[in-house]
Amino acid sequence: MILPELPEIFNLAGQMGKELEGKTVQDVEIRQHKCLNVTPEEFKLLVCGKKLSKVTSKGKWILVKLYPDAYFLLSLGMGGNLLYHEPGQSLPDKYQLSFSFDDGSHLSIGFWWFGYAHAVNALDSHKMTSKLGMSPVSDEFTYDRFNSMLRSKKGAIKSVLMDQSSIAGIGNVYVQDILFKARLHPERKVPEMTEKEKTVLYDAIKDNLLRAVSLGGIAPEKDLYGNPGRFTEFMVGYREGKPCPECGTTIEKIKTGSTSSYICPACQR
């Protein structure tokens with residue numbers, strides 16, 4: 001299953017900032033209460049009448065600062081549709097929440113399976129985002145910080161990269177080609193890695209994610225306007241039985257813990 005990860009969320013946050021910053025929330029229609037962290041009444045008190053002052057993202061979360069004293073936090077979880085609607089445009093038939101703004105525009109949120117739409121007064125009070133690690137597409141993601149984090153780890157490198165408290169935003173979709181580009185087997189133990197391998201891995205993380213961001217994310221996911229991403233070609237990810245693009249060896253699908261991995265058995269050691 002392909003789910004939204006950092007590139008898709010990063011782009012959605014950027015588009016939300018472009019369309020919604022400066023607008024005031026007039027009302028929120030709540031069709032699904034289970035995605036909230038507070039009661040519908042409390043959610044509306046925190047959100048309605050507030051102006052969107054800044055939209056950012058971290059990992060798989062969108063963070064919306066509501067002036068003067070609240071935050072709206074959104075995770076699409078196992079996937080969903082986050083859509084912007086110009087004044088007068090109709091909303092989709094199915095959605096869990098809909099925000100209406102002072103200019104007549106709307107934002108609809110539809111979760112495919114589950115997701116989170118939370119409202120808080122302070123970011124540090126929100127446990128799910130306050131524990132997130134560094135963002136690999138931000139200035140905080142330096143090699144020194146990355147290397148320091150790796151020194152404290154003893155497990156398999158794939159598990160470390162997907163640990164959201166270490167690095168926020170990498171999931172089972174993009175980790176496949178990141179590890180291939182670094183020539184690392186997903187079950188390689190971190191203490192066994194050389195300094196050169198760590199450097200190559202650091203570059204692979206940045207290069208792969210920034211490329212995906214520039215392409216608008218992966219094709220099955222849609223942006224704020226309903227347009228699909230343009231990232232369509234994996235090197236080894238989801239290409240079981242096909243030849244490795246580097247050496248021609250048949251790509252294999254293996255079980256790694258609770259997830260599956262796609263590897264070139266010749267290139268990744």
# chains A, B, ... in the order shown; residues from 1 in each chain; ligands from 1
>>> residues_around(residues="stretch 38-47 of chain A", least_positions_apart="2", cutoff="9 Å", atoms="only C-alpha atoms", output="list in words")
Val25, Gln26, Asp27, Val28, Ile30, His33, Leu36, Gly49, Lys50, Lys51, Leu66, Asp69, Ala70, Tyr71, Phe72, His118, Ala119, Val120 and Asn121 of chain A
>>> select_by_dssp(residues="stretch 159-219 of chain A", states="alpha helix (DSSP H)", output="ChimeraX atom specification")
/A:159-161,175-181,195-214
>>> residues_around(residues="A:Gly110", least_positions_apart="4", cutoff="6 Å", atoms="only C-alpha atoms", output="JSON list (two decimals) with N, CA and C atoms, in the first residue's frame")
[["chain", "number", "residue", "atom", "x", "y", "z"],
["A", 80, "GLY", "N", -5.65, 10.03, 2.05],
["A", 80, "GLY", "CA", -6.88, 10.81, 2.00],
["A", 80, "GLY", "C", -6.82, 11.90, 0.96],
["A", 81, "ASN", "N", -7.88, 12.68, 0.89],
["A", 81, "ASN", "CA", -7.98, 13.79, -0.05],
["A", 81, "ASN", "C", -8.10, 15.09, 0.73],
["A", 95, "TYR", "N", -16.50, 13.39, 2.70],
["A", 95, "TYR", "CA", -15.40, 14.02, 3.44],
["A", 95, "TYR", "C", -15.73, 13.95, 4.92],
["A", 96, "GLN", "N", -14.69, 14.08, 5.76],
["A", 96, "GLN", "CA", -14.90, 14.04, 7.20],
["A", 96, "GLN", "C", -15.03, 15.43, 7.82]]
>>> residues_around(residues="A:Pro186", least_positions_apart="4", cutoff="7 Å", atoms="only C-alpha atoms", output="ChimeraX atom specification")
/A:156-158,179
>>> residues_around(residues="A:Leu74", least_positions_apart="2", cutoff="6 Å", atoms="only C-alpha atoms", output="PDB file with C-alpha atoms, in the first residue's frame")
ATOM      1  CA  TRP A  61       1.921  16.325   9.643  1.00  0.00           C
ATOM      2  CA  ILE A  62       0.648  19.697   8.411  1.00  0.00           C
ATOM      3  CA  TYR A 116      -6.100  13.020  12.583  1.00  0.00           C
ATOM      4  CA  ALA A 117      -7.539  16.538  12.678  1.00  0.00           C
TER       5      ALA A 117
END
>>> residues_around(residues="A:Leu83", least_positions_apart="2", cutoff="10 Å", atoms="only C-alpha atoms", output="PyMOL selection string")
chain A and resi 12+16+80-81+85+91-92+95+98+106-110+222-227
>>> write_last_selection(atoms="all heavy atoms", output="short mmCIF file (atom, residue, chain, number, x, y, z; two decimals), in the first residue's frame")
data_model
loop_
_atom_site.label_atom_id
_atom_site.label_comp_id
_atom_site.auth_asym_id
_atom_site.auth_seq_id
_atom_site.Cartn_x
_atom_site.Cartn_y
_atom_site.Cartn_z
N LEU A 12 1.53 19.68 -0.03
CA LEU A 12 0.19 20.10 0.38
C LEU A 12 0.27 21.31 1.32
O LEU A 12 -0.53 22.25 1.19
CB LEU A 12 -0.52 18.95 1.08
CG LEU A 12 -1.10 17.85 0.18
CD1 LEU A 12 -1.53 16.65 1.01
CD2 LEU A 12 -2.27 18.38 -0.64
N MET A 16 -1.41 24.90 0.68
CA MET A 16 -2.33 25.47 1.67
C MET A 16 -1.90 26.87 2.08
O MET A 16 -2.72 27.78 2.21
CB MET A 16 -2.41 24.57 2.90
CG MET A 16 -3.28 23.35 2.74
SD MET A 16 -3.35 22.35 4.25
CE MET A 16 -4.16 23.49 5.39
N GLY A 80 -5.65 10.03 2.05
CA GLY A 80 -6.88 10.81 2.00
C GLY A 80 -6.82 11.90 0.96
O GLY A 80 -5.84 12.03 0.23
N ASN A 81 -7.88 12.68 0.89
CA ASN A 81 -7.98 13.79 -0.05
C ASN A 81 -8.10 15.09 0.73
O ASN A 81 -9.03 15.25 1.53
CB ASN A 81 -9.19 13.63 -0.97
CG ASN A 81 -9.03 12.45 -1.90
OD1 ASN A 81 -7.98 12.23 -2.47
ND2 ASN A 81 -10.10 11.67 -2.05
N HIS A 85 -11.30 24.45 -2.47
CA HIS A 85 -12.44 24.76 -3.33
C HIS A 85 -12.62 26.28 -3.41
O HIS A 85 -12.81 26.94 -2.38
CB HIS A 85 -13.71 24.11 -2.79
CG HIS A 85 -13.55 22.65 -2.48
ND1 HIS A 85 -13.67 21.68 -3.45
CD2 HIS A 85 -13.26 22.01 -1.32
CE1 HIS A 85 -13.47 20.49 -2.89
NE2 HIS A 85 -13.22 20.67 -1.60
N LEU A 91 -18.39 20.88 -3.16
CA LEU A 91 -17.53 19.99 -2.39
C LEU A 91 -17.77 18.55 -2.82
O LEU A 91 -18.81 18.24 -3.39
CB LEU A 91 -17.80 20.14 -0.90
CG LEU A 91 -17.04 21.25 -0.16
CD1 LEU A 91 -17.40 22.62 -0.70
CD2 LEU A 91 -17.32 21.17 1.34
N PRO A 92 -16.83 17.64 -2.56
CA PRO A 92 -17.05 16.23 -2.91
C PRO A 92 -18.18 15.63 -2.08
O PRO A 92 -18.58 16.19 -1.05
CB PRO A 92 -15.70 15.58 -2.59
CG PRO A 92 -15.08 16.47 -1.57
CD PRO A 92 -15.52 17.86 -1.94
N TYR A 95 -16.50 13.39 2.70
CA TYR A 95 -15.40 14.02 3.44
C TYR A 95 -15.73 13.95 4.92
O TYR A 95 -16.88 13.77 5.30
CB TYR A 95 -15.18 15.48 2.99
CG TYR A 95 -16.38 16.36 3.08
CD1 TYR A 95 -16.70 17.04 4.26
CD2 TYR A 95 -17.21 16.56 1.98
CE1 TYR A 95 -17.82 17.86 4.34
CE2 TYR A 95 -18.33 17.37 2.05
CZ TYR A 95 -18.62 18.03 3.23
OH TYR A 95 -19.73 18.84 3.32
N SER A 98 -14.97 19.89 6.78
CA SER A 98 -14.93 20.96 5.79
C SER A 98 -14.80 22.29 6.50
O SER A 98 -15.58 22.60 7.41
CB SER A 98 -16.19 20.95 4.92
OG SER A 98 -16.25 22.11 4.11
N HIS A 106 -13.47 26.99 0.47
CA HIS A 106 -13.59 25.87 1.40
C HIS A 106 -12.36 24.97 1.31
O HIS A 106 -11.66 24.94 0.29
CB HIS A 106 -14.83 25.02 1.10
CG HIS A 106 -16.12 25.67 1.43
ND1 HIS A 106 -16.69 26.64 0.60
CD2 HIS A 106 -16.97 25.52 2.48
CE1 HIS A 106 -17.83 27.04 1.14
NE2 HIS A 106 -18.03 26.37 2.27
N LEU A 107 -12.13 24.23 2.37
CA LEU A 107 -11.12 23.18 2.41
C LEU A 107 -11.81 21.92 2.91
O LEU A 107 -12.37 21.91 4.01
CB LEU A 107 -9.98 23.56 3.36
CG LEU A 107 -8.84 22.53 3.48
CD1 LEU A 107 -7.97 22.57 2.24
CD2 LEU A 107 -7.99 22.82 4.73
N SER A 108 -11.81 20.86 2.09
CA SER A 108 -12.43 19.60 2.51
C SER A 108 -11.34 18.57 2.80
O SER A 108 -10.31 18.52 2.13
CB SER A 108 -13.39 19.08 1.44
OG SER A 108 -12.71 18.74 0.25
N ILE A 109 -11.60 17.74 3.81
CA ILE A 109 -10.65 16.72 4.23
C ILE A 109 -11.38 15.38 4.27
O ILE A 109 -12.35 15.22 5.01
CB ILE A 109 -10.07 17.03 5.63
CG1 ILE A 109 -9.42 18.42 5.64
CG2 ILE A 109 -9.06 15.95 6.04
CD1 ILE A 109 -9.07 18.91 7.04
N GLY A 110 -10.91 14.45 3.46
CA GLY A 110 -11.51 13.12 3.44
C GLY A 110 -10.45 12.07 3.70
O GLY A 110 -9.44 12.00 2.99
N LYS A 222 -2.81 12.84 -4.52
CA LYS A 222 -3.23 14.06 -5.20
C LYS A 222 -2.89 15.30 -4.38
O LYS A 222 -2.81 15.24 -3.15
CB LYS A 222 -4.74 14.01 -5.48
CG LYS A 222 -5.13 12.91 -6.46
CD LYS A 222 -6.61 12.92 -6.75
CE LYS A 222 -6.97 11.83 -7.76
NZ LYS A 222 -8.43 11.82 -8.06
N ASP A 223 -2.69 16.41 -5.08
CA ASP A 223 -2.37 17.64 -4.39
C ASP A 223 -3.64 18.38 -3.97
O ASP A 223 -4.75 17.83 -4.04
CB ASP A 223 -1.45 18.53 -5.24
CG ASP A 223 -2.12 19.07 -6.50
OD1 ASP A 223 -3.36 18.91 -6.66
OD2 ASP A 223 -1.41 19.67 -7.34
N LEU A 224 -3.50 19.63 -3.54
CA LEU A 224 -4.62 20.39 -3.01
C LEU A 224 -5.69 20.69 -4.06
O LEU A 224 -6.83 21.01 -3.72
CB LEU A 224 -4.10 21.71 -2.42
CG LEU A 224 -4.99 22.44 -1.43
CD1 LEU A 224 -5.14 21.63 -0.15
CD2 LEU A 224 -4.45 23.83 -1.12
N TYR A 225 -5.33 20.55 -5.34
CA TYR A 225 -6.26 20.86 -6.43
C TYR A 225 -6.75 19.59 -7.13
O TYR A 225 -7.41 19.67 -8.17
CB TYR A 225 -5.57 21.78 -7.44
CG TYR A 225 -4.88 22.95 -6.78
CD1 TYR A 225 -3.49 22.98 -6.68
CD2 TYR A 225 -5.61 23.99 -6.21
CE1 TYR A 225 -2.85 24.04 -6.06
CE2 TYR A 225 -4.96 25.05 -5.57
CZ TYR A 225 -3.59 25.06 -5.50
OH TYR A 225 -2.95 26.11 -4.86
N GLY A 226 -6.42 18.42 -6.56
CA GLY A 226 -6.86 17.16 -7.13
C GLY A 226 -5.97 16.62 -8.23
O GLY A 226 -6.33 15.66 -8.91
N ASN A 227 -4.78 17.23 -8.41
CA ASN A 227 -3.86 16.77 -9.44
C ASN A 227 -2.92 15.70 -8.88
O ASN A 227 -2.39 15.85 -7.78
CB ASN A 227 -3.02 17.93 -9.97
CG ASN A 227 -3.88 19.03 -10.55
OD1 ASN A 227 -4.81 18.77 -11.31
ND2 ASN A 227 -3.59 20.28 -10.21
#
